[in-house]
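Peer 1: Data file data.cif (mmCIF, C-alpha atoms) is appended below.
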```cif
data_structure
loop_
_atom_site.label_atom_id
_atom_site.label_comp_id
_atom_site.auth_asym_id
_atom_site.auth_seq_id
_atom_site.Cartn_x
_atom_site.Cartn_y
_atom_site.Cartn_z
CA MET A 1 6.32 -31.47 10.97
CA ASN A 2 2.54 -31.65 11.32
CA GLN A 3 0.02 -32.98 8.84
CA GLY A 4 -0.94 -30.12 6.54
CA ASP A 5 2.41 -28.36 6.83
CA VAL A 6 4.05 -27.37 3.58
CA ARG A 7 7.81 -27.72 3.11
CA VAL A 8 9.78 -26.25 0.24
CA GLN A 9 13.48 -26.60 -0.44
CA ILE A 10 15.02 -23.80 -2.49
CA PRO A 11 18.57 -24.11 -3.79
CA ALA A 12 20.83 -21.05 -3.59
CA GLY A 13 20.31 -18.70 -6.52
CA SER A 14 16.87 -20.06 -7.44
CA PRO A 15 13.71 -17.93 -7.39
CA SER A 16 12.60 -17.80 -3.78
CA ALA A 17 9.97 -15.15 -2.99
CA PRO A 18 8.08 -15.86 -6.25
CA VAL A 19 7.82 -19.48 -5.10
CA ALA A 20 7.07 -18.90 -1.43
CA VAL A 21 4.71 -15.92 -1.52
CA PRO A 22 1.82 -17.71 -3.31
CA LEU A 23 2.07 -20.43 -0.64
CA VAL A 24 2.03 -17.81 2.11
CA LEU A 25 -1.05 -16.16 0.59
CA GLY A 26 -2.89 -19.45 0.20
CA LEU A 27 -2.18 -20.64 3.72
CA ALA A 28 -2.91 -17.22 5.21
CA ALA A 29 -6.32 -17.48 3.58
CA ARG A 30 -6.79 -20.88 5.21
CA ALA A 31 -5.83 -19.38 8.58
CA GLY A 32 -8.56 -16.75 8.14
CA LEU A 33 -6.21 -13.78 8.54
CA ALA A 34 -7.46 -10.28 7.76
CA VAL A 35 -6.25 -8.97 4.43
CA GLU A 36 -3.78 -6.48 5.89
CA ARG A 37 -2.10 -9.25 7.95
CA VAL A 38 -1.99 -11.44 4.86
CA ASP A 39 -0.35 -8.68 2.89
CA GLU A 40 2.23 -7.93 5.56
CA VAL A 41 3.29 -11.50 6.27
CA ALA A 42 3.78 -11.86 2.52
CA LEU A 43 5.84 -8.66 2.54
CA ALA A 44 7.97 -9.94 5.46
CA THR A 45 8.57 -13.18 3.57
CA GLU A 46 9.62 -11.25 0.47
CA MET A 47 12.03 -9.14 2.51
CA LEU A 48 13.65 -12.18 4.08
CA LEU A 49 13.93 -14.29 0.95
CA GLY A 50 14.54 -11.75 -1.82
CA GLU A 51 13.91 -12.57 -5.47
CA ARG A 52 16.52 -15.33 -5.42
CA ALA A 53 17.58 -17.48 -2.50
CA PRO A 54 20.78 -16.13 -0.90
CA ALA A 55 21.66 -19.69 0.23
CA ASP A 56 20.13 -23.17 0.25
CA LEU A 57 16.86 -22.67 2.11
CA LEU A 58 14.24 -24.85 3.69
CA ILE A 59 10.88 -23.16 4.20
CA THR A 60 8.18 -24.71 6.36
CA LEU A 61 4.71 -23.20 6.44
CA SER A 62 2.08 -24.27 8.92
CA VAL A 63 -1.39 -23.17 9.92
CA ASP A 64 -2.51 -23.60 13.49
CA GLY A 65 -5.99 -22.30 14.24
CA GLY A 66 -5.97 -18.63 13.35
CA SER A 67 -2.26 -18.24 12.78
CA LEU A 68 0.26 -18.88 10.05
CA THR A 69 3.90 -19.69 10.83
CA VAL A 70 6.69 -19.46 8.27
CA ALA A 71 10.00 -20.99 9.34
CA ILE A 72 13.03 -20.38 7.15
CA ASP A 73 16.20 -22.38 7.72
CA GLY A 74 19.52 -21.45 6.16
CA LEU A 75 19.18 -17.65 5.95
CA PRO A 76 22.49 -15.80 6.28
CA ILE A 77 22.51 -13.97 9.61
CA ASP A 78 23.42 -10.57 8.13
CA ARG A 79 20.38 -10.72 5.83
CA VAL A 80 18.10 -10.98 8.84
CA GLU A 81 19.95 -8.40 10.89
CA ARG A 82 19.66 -5.72 8.19
CA ARG A 83 15.87 -6.10 8.27
CA ARG A 84 15.41 -6.59 11.97
CA ALA A 85 14.17 -3.06 12.70
CA LEU A 86 11.31 -3.41 10.22
CA LEU A 87 10.17 -7.02 10.51
CA PRO A 88 8.49 -6.88 13.95
CA GLU A 89 5.98 -4.33 12.60
CA LEU A 90 4.92 -6.68 9.81
CA VAL A 91 4.31 -9.85 11.81
CA ASP A 92 2.93 -10.85 15.19
CA GLY A 93 5.91 -12.97 16.13
CA LEU A 94 9.59 -13.04 15.13
CA GLU A 95 12.17 -15.50 16.41
CA VAL A 96 15.74 -15.60 15.21
CA ASP A 97 18.04 -18.45 16.17
CA GLY A 98 21.22 -18.44 14.12
CA GLU A 99 20.29 -19.16 10.52
CA ARG A 100 16.72 -20.11 11.43
CA VAL A 101 14.02 -17.43 11.34
CA VAL A 102 10.43 -17.99 12.31
CA ILE A 103 7.72 -15.42 11.60
CA ARG A 104 4.12 -15.71 12.71
CA ALA A 105 0.97 -13.85 11.70
CA GLY A 106 -2.28 -14.11 13.59
CA SER A 107 -3.21 -14.99 17.12
CA MET B 108 -30.10 35.79 -7.16
CA PRO B 109 -27.54 33.02 -7.67
CA GLU B 110 -24.66 32.84 -5.23
CA ALA B 111 -21.40 34.19 -6.66
CA ASP B 112 -18.81 31.51 -7.40
CA PRO B 113 -16.35 31.69 -4.46
CA THR B 114 -13.74 29.41 -6.03
CA PRO B 115 -11.57 32.13 -7.64
CA VAL B 116 -11.31 33.92 -4.29
CA LEU B 117 -10.62 30.71 -2.40
CA ALA B 118 -8.04 29.66 -4.99
CA THR B 119 -6.30 33.01 -4.79
CA ARG B 120 -6.14 32.80 -1.00
CA ALA B 121 -5.01 29.17 -1.10
CA LYS B 122 -2.19 30.07 -3.47
CA THR B 123 -0.86 32.55 -0.93
CA GLY B 124 -0.60 29.79 1.67
CA ASP B 125 -4.01 30.12 3.35
CA GLU B 126 -4.50 26.52 4.52
CA ARG B 127 -8.13 27.10 5.51
CA ALA B 128 -8.96 28.39 2.05
CA ARG B 129 -7.17 25.39 0.55
CA GLU B 130 -9.22 22.99 2.66
CA GLN B 131 -12.47 24.81 1.76
CA LEU B 132 -11.59 24.63 -1.90
CA VAL B 133 -10.80 20.92 -1.68
CA LEU B 134 -14.11 20.28 0.12
CA ARG B 135 -16.03 22.27 -2.47
CA LEU B 136 -14.45 20.34 -5.34
CA GLN B 137 -14.92 16.88 -3.84
CA PRO B 138 -18.31 16.28 -5.53
CA LEU B 139 -16.83 17.29 -8.89
CA VAL B 140 -13.89 14.91 -8.42
CA ALA B 141 -16.20 12.11 -7.27
CA GLY B 142 -18.34 12.61 -10.37
CA LEU B 143 -15.33 12.54 -12.65
CA ALA B 144 -14.08 9.37 -10.94
CA GLY B 145 -17.31 7.70 -11.99
CA ARG B 146 -16.19 7.99 -15.62
CA PHE B 147 -13.29 5.67 -14.85
CA ALA B 148 -15.28 3.16 -12.82
CA GLY B 149 -13.77 -0.31 -13.05
CA ARG B 150 -10.38 0.92 -14.23
CA ALA B 151 -8.97 1.54 -10.75
CA ALA B 152 -10.22 1.57 -7.15
CA ARG B 153 -12.68 4.38 -6.53
CA ALA B 154 -10.75 5.86 -3.58
CA ASP B 155 -7.54 5.92 -5.60
CA LEU B 156 -9.26 7.59 -8.55
CA GLU B 157 -10.62 10.31 -6.29
CA GLN B 158 -7.24 10.81 -4.68
CA ALA B 159 -5.62 11.08 -8.12
CA GLY B 160 -8.27 13.60 -9.12
CA MET B 161 -7.44 15.68 -6.07
CA VAL B 162 -3.75 15.60 -7.01
CA GLY B 163 -4.84 17.12 -10.33
CA VAL B 164 -6.92 19.77 -8.58
CA LEU B 165 -3.94 20.80 -6.44
CA ASP B 166 -1.72 20.91 -9.51
CA ALA B 167 -4.31 23.12 -11.19
CA LEU B 168 -4.35 25.36 -8.14
CA ALA B 169 -0.59 25.91 -8.38
CA ARG B 170 -1.00 27.11 -12.00
CA TYR B 171 -4.29 28.97 -11.69
CA ASP B 172 -4.71 32.66 -12.41
CA PRO B 173 -8.10 34.11 -11.33
CA ASP B 174 -8.21 36.08 -14.58
CA GLN B 175 -8.80 32.73 -16.29
CA GLY B 176 -12.31 32.57 -14.85
CA PRO B 177 -13.98 30.08 -12.47
CA PHE B 178 -11.68 27.51 -10.95
CA GLU B 179 -13.79 24.36 -11.46
CA PRO B 180 -13.75 24.27 -15.28
CA TYR B 181 -10.06 25.13 -15.18
CA ALA B 182 -9.27 22.30 -12.75
CA THR B 183 -11.35 19.63 -14.48
CA PRO B 184 -8.82 18.66 -17.21
CA PHE B 185 -6.08 18.45 -14.57
CA ALA B 186 -8.19 16.08 -12.45
CA VAL B 187 -9.13 13.96 -15.47
CA GLY B 188 -5.48 13.86 -16.57
CA GLU B 189 -4.36 12.46 -13.22
CA MET B 190 -7.14 9.88 -13.23
CA LEU B 191 -6.12 8.79 -16.71
CA LYS B 192 -2.52 8.48 -15.54
CA LEU B 193 -3.69 6.32 -12.65
CA ALA B 194 -5.82 4.14 -14.88
CA ARG B 195 -2.81 3.62 -17.13
CA SER B 196 -0.37 3.10 -14.26
CA VAL B 197 -2.51 0.43 -12.60
CA SER B 198 -1.05 -2.12 -14.89
CA ALA B 199 1.65 -4.60 -14.11
CA PRO B 200 5.23 -4.29 -15.41
CA VAL B 201 4.50 -7.64 -17.04
CA ARG B 202 1.34 -8.27 -19.02
CA VAL B 203 -1.51 -9.34 -16.74
CA PRO B 204 -4.54 -11.00 -18.32
CA ARG B 205 -7.62 -8.83 -18.41
CA GLU B 206 -9.58 -11.28 -16.26
CA LEU B 207 -6.96 -11.00 -13.54
CA ARG B 208 -6.85 -7.21 -13.72
CA GLU B 209 -10.61 -7.09 -13.29
CA ALA B 210 -10.42 -9.54 -10.41
CA ALA B 211 -7.75 -7.40 -8.74
CA ARG B 212 -10.03 -4.36 -8.94
CA ALA B 213 -12.97 -6.32 -7.58
CA VAL B 214 -10.81 -7.46 -4.66
CA GLU B 215 -9.68 -3.92 -3.95
CA ASP B 216 -13.25 -2.61 -4.00
CA ALA B 217 -14.38 -5.47 -1.73
CA VAL B 218 -11.63 -4.69 0.77
CA GLU B 219 -12.68 -1.05 0.91
CA ALA B 220 -16.35 -1.94 1.26
CA LEU B 221 -15.86 -4.60 3.94
CA THR B 222 -13.37 -2.81 6.17
CA GLY B 223 -15.10 -2.07 9.44
CA PRO B 224 -15.13 1.23 11.32
CA ASP B 225 -12.49 -0.24 13.67
CA GLY B 226 -10.17 -0.56 10.67
CA ARG B 227 -10.20 -4.36 10.64
CA GLY B 228 -10.08 -5.63 7.10
CA PRO B 229 -11.93 -8.65 5.72
CA THR B 230 -10.58 -12.18 5.43
CA ILE B 231 -10.04 -13.80 2.04
CA PRO B 232 -13.25 -15.89 2.27
CA GLN B 233 -15.20 -12.69 3.00
CA ILE B 234 -13.62 -10.95 0.01
CA ALA B 235 -14.46 -13.97 -2.14
CA GLU B 236 -18.08 -13.89 -1.06
CA ARG B 237 -18.45 -10.16 -1.63
CA SER B 238 -16.70 -10.11 -5.02
CA GLY B 239 -18.21 -13.32 -6.35
CA LEU B 240 -14.73 -14.74 -7.02
CA ASP B 241 -13.48 -18.02 -5.63
CA GLU B 242 -10.79 -17.89 -2.95
CA GLU B 243 -8.07 -19.09 -5.31
CA MET B 244 -8.82 -16.23 -7.68
CA VAL B 245 -8.77 -13.73 -4.79
CA VAL B 246 -5.29 -14.94 -3.81
CA GLU B 247 -4.16 -14.81 -7.43
CA ALA B 248 -5.57 -11.30 -7.78
CA MET B 249 -3.80 -10.15 -4.61
CA ARG B 250 -0.54 -11.51 -5.97
CA SER B 251 -0.96 -9.73 -9.28
CA ARG B 252 -1.89 -6.54 -7.41
CA MET B 253 1.41 -6.71 -5.53
CA ALA B 254 3.27 -6.59 -8.84
CA MET B 255 1.45 -3.51 -10.12
CA ARG B 256 3.13 -0.15 -10.00
CA PRO B 257 1.69 2.24 -7.43
CA LEU B 258 0.52 5.70 -8.38
CA PRO B 259 3.35 8.08 -7.58
CA ALA B 260 1.75 10.64 -5.31
CA GLN B 261 2.66 13.95 -3.81
CA ASP B 262 3.93 14.48 -0.28
CA VAL B 263 1.18 14.94 2.24
CA PRO B 264 1.40 17.98 4.53
CA LEU B 265 2.53 17.01 8.01
CA HIS B 266 -0.58 18.44 9.71
CA GLN B 267 -2.70 16.10 7.59
CA LEU B 268 -0.62 13.12 8.70
CA GLY B 269 -1.08 14.06 12.35
CA ALA B 270 2.66 13.88 12.94
CA SER B 271 5.19 16.63 13.48
CA ALA B 272 8.56 16.86 11.77
CA ASP B 273 10.19 16.12 15.14
CA GLU B 274 8.13 12.95 15.62
CA LEU B 275 9.05 11.69 12.18
CA ALA B 276 12.74 12.50 12.74
CA ALA B 277 12.67 10.62 16.07
CA ALA B 278 10.98 7.67 14.36
CA GLU B 279 13.70 7.58 11.72
CA THR B 280 16.40 7.56 14.37
CA ARG B 281 14.78 4.54 16.05
CA LEU B 282 14.68 2.65 12.75
CA GLU B 283 18.45 2.96 12.30
CA LEU B 284 18.20 2.81 8.53
CA GLY B 285 20.78 5.57 8.17
CA SER B 286 21.55 6.94 4.76
CA ARG B 287 19.37 4.34 3.04
CA LEU B 288 16.35 6.53 3.83
CA GLU B 289 17.84 9.41 1.87
CA ARG B 290 17.34 7.47 -1.35
CA LEU B 291 13.56 7.63 -0.93
CA ASP B 292 11.32 10.42 -2.17
CA GLY B 293 9.44 12.42 0.45
CA ARG B 294 6.24 10.42 0.21
CA SER B 295 7.94 7.04 0.49
CA ARG B 296 9.99 8.24 3.43
CA GLN B 297 6.82 9.44 5.21
CA LEU B 298 5.28 6.03 4.67
CA ILE B 299 8.24 4.20 6.15
CA ASP B 300 8.30 6.57 9.13
CA LEU B 301 4.56 6.19 9.79
CA ARG B 302 4.37 2.43 9.34
CA PHE B 303 7.62 1.32 10.95
CA GLY B 304 8.66 4.29 13.06
CA LEU B 305 5.32 5.27 14.56
CA GLY B 306 3.66 1.86 14.19
CA LEU B 307 0.54 3.05 12.36
CA SER B 308 -1.37 0.38 10.46
CA GLN B 309 -1.78 0.53 6.69
CA ARG B 310 -5.43 1.38 7.26
CA GLU B 311 -4.58 4.28 9.57
CA ILE B 312 -2.08 5.62 7.06
CA ALA B 313 -4.62 5.23 4.26
CA THR B 314 -7.15 7.30 6.18
CA ARG B 315 -4.67 10.07 6.87
CA MET B 316 -3.45 10.16 3.27
CA GLY B 317 -6.90 9.82 1.73
CA ILE B 318 -6.06 6.74 -0.32
CA SER B 319 -7.00 3.05 -0.16
CA GLN B 320 -5.29 0.53 2.13
CA MET B 321 -4.19 -1.51 -0.86
CA HIS B 322 -2.65 1.58 -2.41
CA VAL B 323 -0.70 2.12 0.82
CA SER B 324 0.37 -1.52 0.59
CA ARG B 325 1.75 -1.04 -2.92
CA LEU B 326 3.50 2.21 -1.99
CA LEU B 327 5.07 0.52 1.05
CA ARG B 328 6.20 -2.45 -1.02
CA ALA B 329 7.79 -0.09 -3.56
CA ALA B 330 9.49 1.93 -0.79
CA LEU B 331 10.89 -1.23 0.81
CA GLN B 332 12.15 -2.45 -2.55
CA GLU B 333 13.95 0.86 -2.92
CA LEU B 334 15.52 0.41 0.52
CA GLU B 335 16.50 -3.16 -0.35
CA ALA B 336 18.13 -1.99 -3.56
CA GLU B 337 20.67 -0.18 -1.42
CA ASP B 338 21.98 -3.44 0.06
#
```
Would you give me this structure, written as structure tokens?
Peer 2:
Amino acid sequence: MNQGDVRVQIPAGSPSAPVAVPLVLGLAARAGLAVERVDEVALATEMLLGERAPADLLITLSVDGGSLTVAIDGLPIDRVERRRALLPELVDGLEVDGERVVIRAGS
Amino acid sequence: MPEADPTPVLATRAKTGDERAREQLVLRLQPLVAGLAGRFAGRAARADLEQAGMVGVLDALARYDPDQGPFEPYATPFAVGEMLKLARSVSAPVRVPRELREAARAVEDAVEALTGPDGRGPTIPQIAERSGLDEEMVVEAMRSRMAMRPLPAQDVPLHQLGASADELAAAETRLELGSRLERLDGRSRQLIDLRFGLGLSQREIATRMGISQMHVSRLLRAALQELEAED
């Protein structure tokens, strides 16, 4: 974890997107992303997390130069798979490794 | 000698399926719609107001009988009605403070004004500078905007979207969303096909549909929520 990263733990069943999306928007602003990218990385985060966490989640957000990375640990695999056809259009990078998903917006 | 009003003739031809007459009529009525949109300034984004007005004009066209006289006065209440509906619908399902609603509109107008000819939108600091809001308020306004209901809009003819029915069908097949897509109305389905199937940006879709990028964003969000509801 780098200095300036933001980590949030969300217990299963607790509000998830309503907690994470404001953080995504704030850090996307810090990364200097264009508004459409900001909007779509927020949308991708919403799709992955849902209104309430489907499991215990750990979310790590980091800004590196002109990009924002959102790593989500603990996501059920089927939740990611059902959205896999749509997610690549919303973000510039998508990595899935078991229950860990990493999305990136920006260069 | 004043030029005879061509709108009844154009409207009659448009009603019989003459696309060229329909386009001419729409072009001719654009200044009227733009003027009417001015009455609602500050209550919704300008581009969305004009698009809503045009929805009203097309609704008027479907009901128009040339015996009722010139088309413009007939269409005006329809256009105003749709703009009013938009102004009312641009409110969140939960109560949003007035200050935040105004900030959201200022953000939307700034995005439209600052988007370059290449379609690249502004950053949040640029929006803040243009709108006179601080960055935190811009972010807060964007978040509240996401929660607002989009204006339900009519399907857009395929030729206007620049995509054929075959292209959209092929795009849907690639997405592998199956029967979930059947739950969506025509407009929402087109949006999903264009954004995810054909890879058009929100800005490109907005241009083709004649609405603002942020309106496309809200429509997309609503369409995706509908798809998610199927899970």
Peer 1: Evaluated on this file, the PyMOL selection byres ((chain A and resi 105) around 9) picks out some residues - which ones are they, written as a PDB file with C-alpha atoms, in the coordinates of the input?
Peer 2:
```pdb
ATOM      1  CA  ALA A  28      -2.910 -17.220   5.210  1.00  0.00           C
ATOM      2  CA  LEU A  33      -6.210 -13.780   8.540  1.00  0.00           C
ATOM      3  CA  ARG A  37      -2.100  -9.250   7.950  1.00  0.00           C
ATOM      4  CA  VAL A  38      -1.990 -11.440   4.860  1.00  0.00           C
ATOM      5  CA  GLU A  40       2.230  -7.930   5.560  1.00  0.00           C
ATOM      6  CA  VAL A  41       3.290 -11.500   6.270  1.00  0.00           C
ATOM      7  CA  GLY A  66      -5.970 -18.630  13.350  1.00  0.00           C
ATOM      8  CA  SER A  67      -2.260 -18.240  12.780  1.00  0.00           C
ATOM      9  CA  LEU A  68       0.260 -18.880  10.050  1.00  0.00           C
ATOM     10  CA  THR A  69       3.900 -19.690  10.830  1.00  0.00           C
ATOM     11  CA  VAL A  70       6.690 -19.460   8.270  1.00  0.00           C
ATOM     12  CA  LEU A  90       4.920  -6.680   9.810  1.00  0.00           C
ATOM     13  CA  VAL A  91       4.310  -9.850  11.810  1.00  0.00           C
ATOM     14  CA  ASP A  92       2.930 -10.850  15.190  1.00  0.00           C
ATOM     15  CA  GLY A  93       5.910 -12.970  16.130  1.00  0.00           C
ATOM     16  CA  ILE A 103       7.720 -15.420  11.600  1.00  0.00           C
ATOM     17  CA  ARG A 104       4.120 -15.710  12.710  1.00  0.00           C
ATOM     18  CA  GLY A 106      -2.280 -14.110  13.590  1.00  0.00           C
ATOM     19  CA  SER A 107      -3.210 -14.990  17.120  1.00  0.00           C
TER      20      SER A 107
END
```
Peer 1: Report as a PyMOL selection string all protein, DNA and RNA residues lying within 7 Å of A:Ala55, evaluated on only C-alpha atoms, omitting residues in the same chain fewer than 2 positions from it.
Peer 2: chain A and resi 11-13+53+57+74-75
Peer 1: How many Å lie between atom CA of A:Arg52 and atom CA of A:Ser14, rounded to one decimal?
Peer 2: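 Pair atom CA of A:Arg52 / atom CA of A:Ser14 returns 5.2 Å.
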Peer 1: Take the point (12.8, 0.4, -4.1) in the file's coordinates, draw a sphere of radius 12 Å around it, and report as a PyMOL selection string every protein, DNA or RNA residue with an atom inside or on it, counting all atoms listed in the file.
Peer 2: (chain A and resi 47) or (chain B and resi 256-257+287-292+295-296+299+325-338)
Peer 1: Report the residues retrieved by the PyMOL selection byres ((chain A) within 12 of (chain B)) from the displayed file, expressed as a PyMOL selection string.
Peer 2: chain A and resi 17-51+66+78-79+81-91+106
Peer 1: Report as a list in words the residues that result from applying the PyMOL selection byres ((chain A and resi 62) around 9) to the structure here.
Peer 2: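 That expression, the PyMOL selection byres ((chain A and resi 62) around 9), corresponds here to Met1, Asn2, Gln3, Gly4, Asp5, Val6, Arg7, Leu27, Thr60, Leu61, Val63, Asp64, Ser67, Leu68, Thr69, Val70 and Ala71 of chain A.
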Peer 1: Store the residues picked out above in a file with C-alpha atoms, as a compact mmCIF listing (two decimals), in the frame of the given file.
Peer 2:
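Generated file (result.txt):
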```txt
# COMPACT_ATOMS: atom_id res chain seq x y z
CA MET A 1 6.32 -31.47 10.97
CA ASN A 2 2.54 -31.65 11.32
CA GLN A 3 0.02 -32.98 8.84
CA GLY A 4 -0.94 -30.12 6.54
CA ASP A 5 2.41 -28.36 6.83
CA VAL A 6 4.05 -27.37 3.58
CA ARG A 7 7.81 -27.72 3.11
CA LEU A 27 -2.18 -20.64 3.72
CA THR A 60 8.18 -24.71 6.36
CA LEU A 61 4.71 -23.20 6.44
CA VAL A 63 -1.39 -23.17 9.92
CA ASP A 64 -2.51 -23.60 13.49
CA SER A 67 -2.26 -18.24 12.78
CA LEU A 68 0.26 -18.88 10.05
CA THR A 69 3.90 -19.69 10.83
CA VAL A 70 6.69 -19.46 8.27
CA ALA A 71 10.00 -20.99 9.34
```
Peer 1: Determine, counting only C-alpha atoms, which protein, DNA and RNA residues have an atom within 9 Å of an atom of stretch 114-126 of chain B; residues of the same chain fewer than 5 positions away are not included. Present the result as an MDAnalysis selection string.
Peer 2: chainID B and resid 131:132 135 168:169 171:174 176:179
Peer 1: State, in Å with one decimal place, the distance from atom CA of B:Asp216 to atom CA of B:Asp300.
Peer 2: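 Straight-line distance from atom CA of B:Asp216 to atom CA of B:Asp300 works out to 26.9 Å.
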Peer 1: Would you mind reading off the distance between atom CA of B:Met190 and atom CA of B:Ala159, one decimal, in Å?
Peer 2: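 Going from atom CA of B:Met190 over to atom CA of B:Ala159 covers 5.5 Å.
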Peer 1: If we count all atoms listed in the file, what is near B:Arg150 at a cut-off of 8 Å, once residues fewer than 2 positions away on the same chain are taken out, given as an MDAnalysis selection string?
Peer 2: chainID B and resid 147:148 152 194 212
Peer 1: For a quick check of understanding, using all atoms listed in the file, which of B:Leu268, B:Ala182, B:Ala248, B:Ala313 has the smallest distance to B:Asp155?
Peer 2: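 That would be B:Ala313, the residue with the smallest distance to B:Asp155.
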Peer 1: Mind checking which residues fall within 10 Å of B:Leu156, counting only C-alpha atoms, ignoring those fewer than 4 positions away in the same chain, and posting them as a list in words?
Peer 2: Val140, Ala141, Leu143, Ala144, Gly145, Arg146, Phe147, Ala148, Arg150, Ala151, Ala152, Gly160, Met161, Val162, Ala186, Val187, Glu189, Met190, Leu191, Lys192, Leu193, Ala194, Leu258, Ile318 and Ser319 of chain B
Peer 1: Between B:Val133, B:Ala217, B:Val323, B:Leu139, single out the one closest to B:Leu298, counting all atoms listed in the file.
Peer 2: B:Val323
Peer 1: Identify which of the residues B:Val164, B:Ala111, B:Leu240, B:Gln158 lies closest to B:Leu136, counting only C-alpha atoms when measuring atom-to-atom distances.
Peer 2: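 Of all the options, B:Val164 lies closest to B:Leu136.
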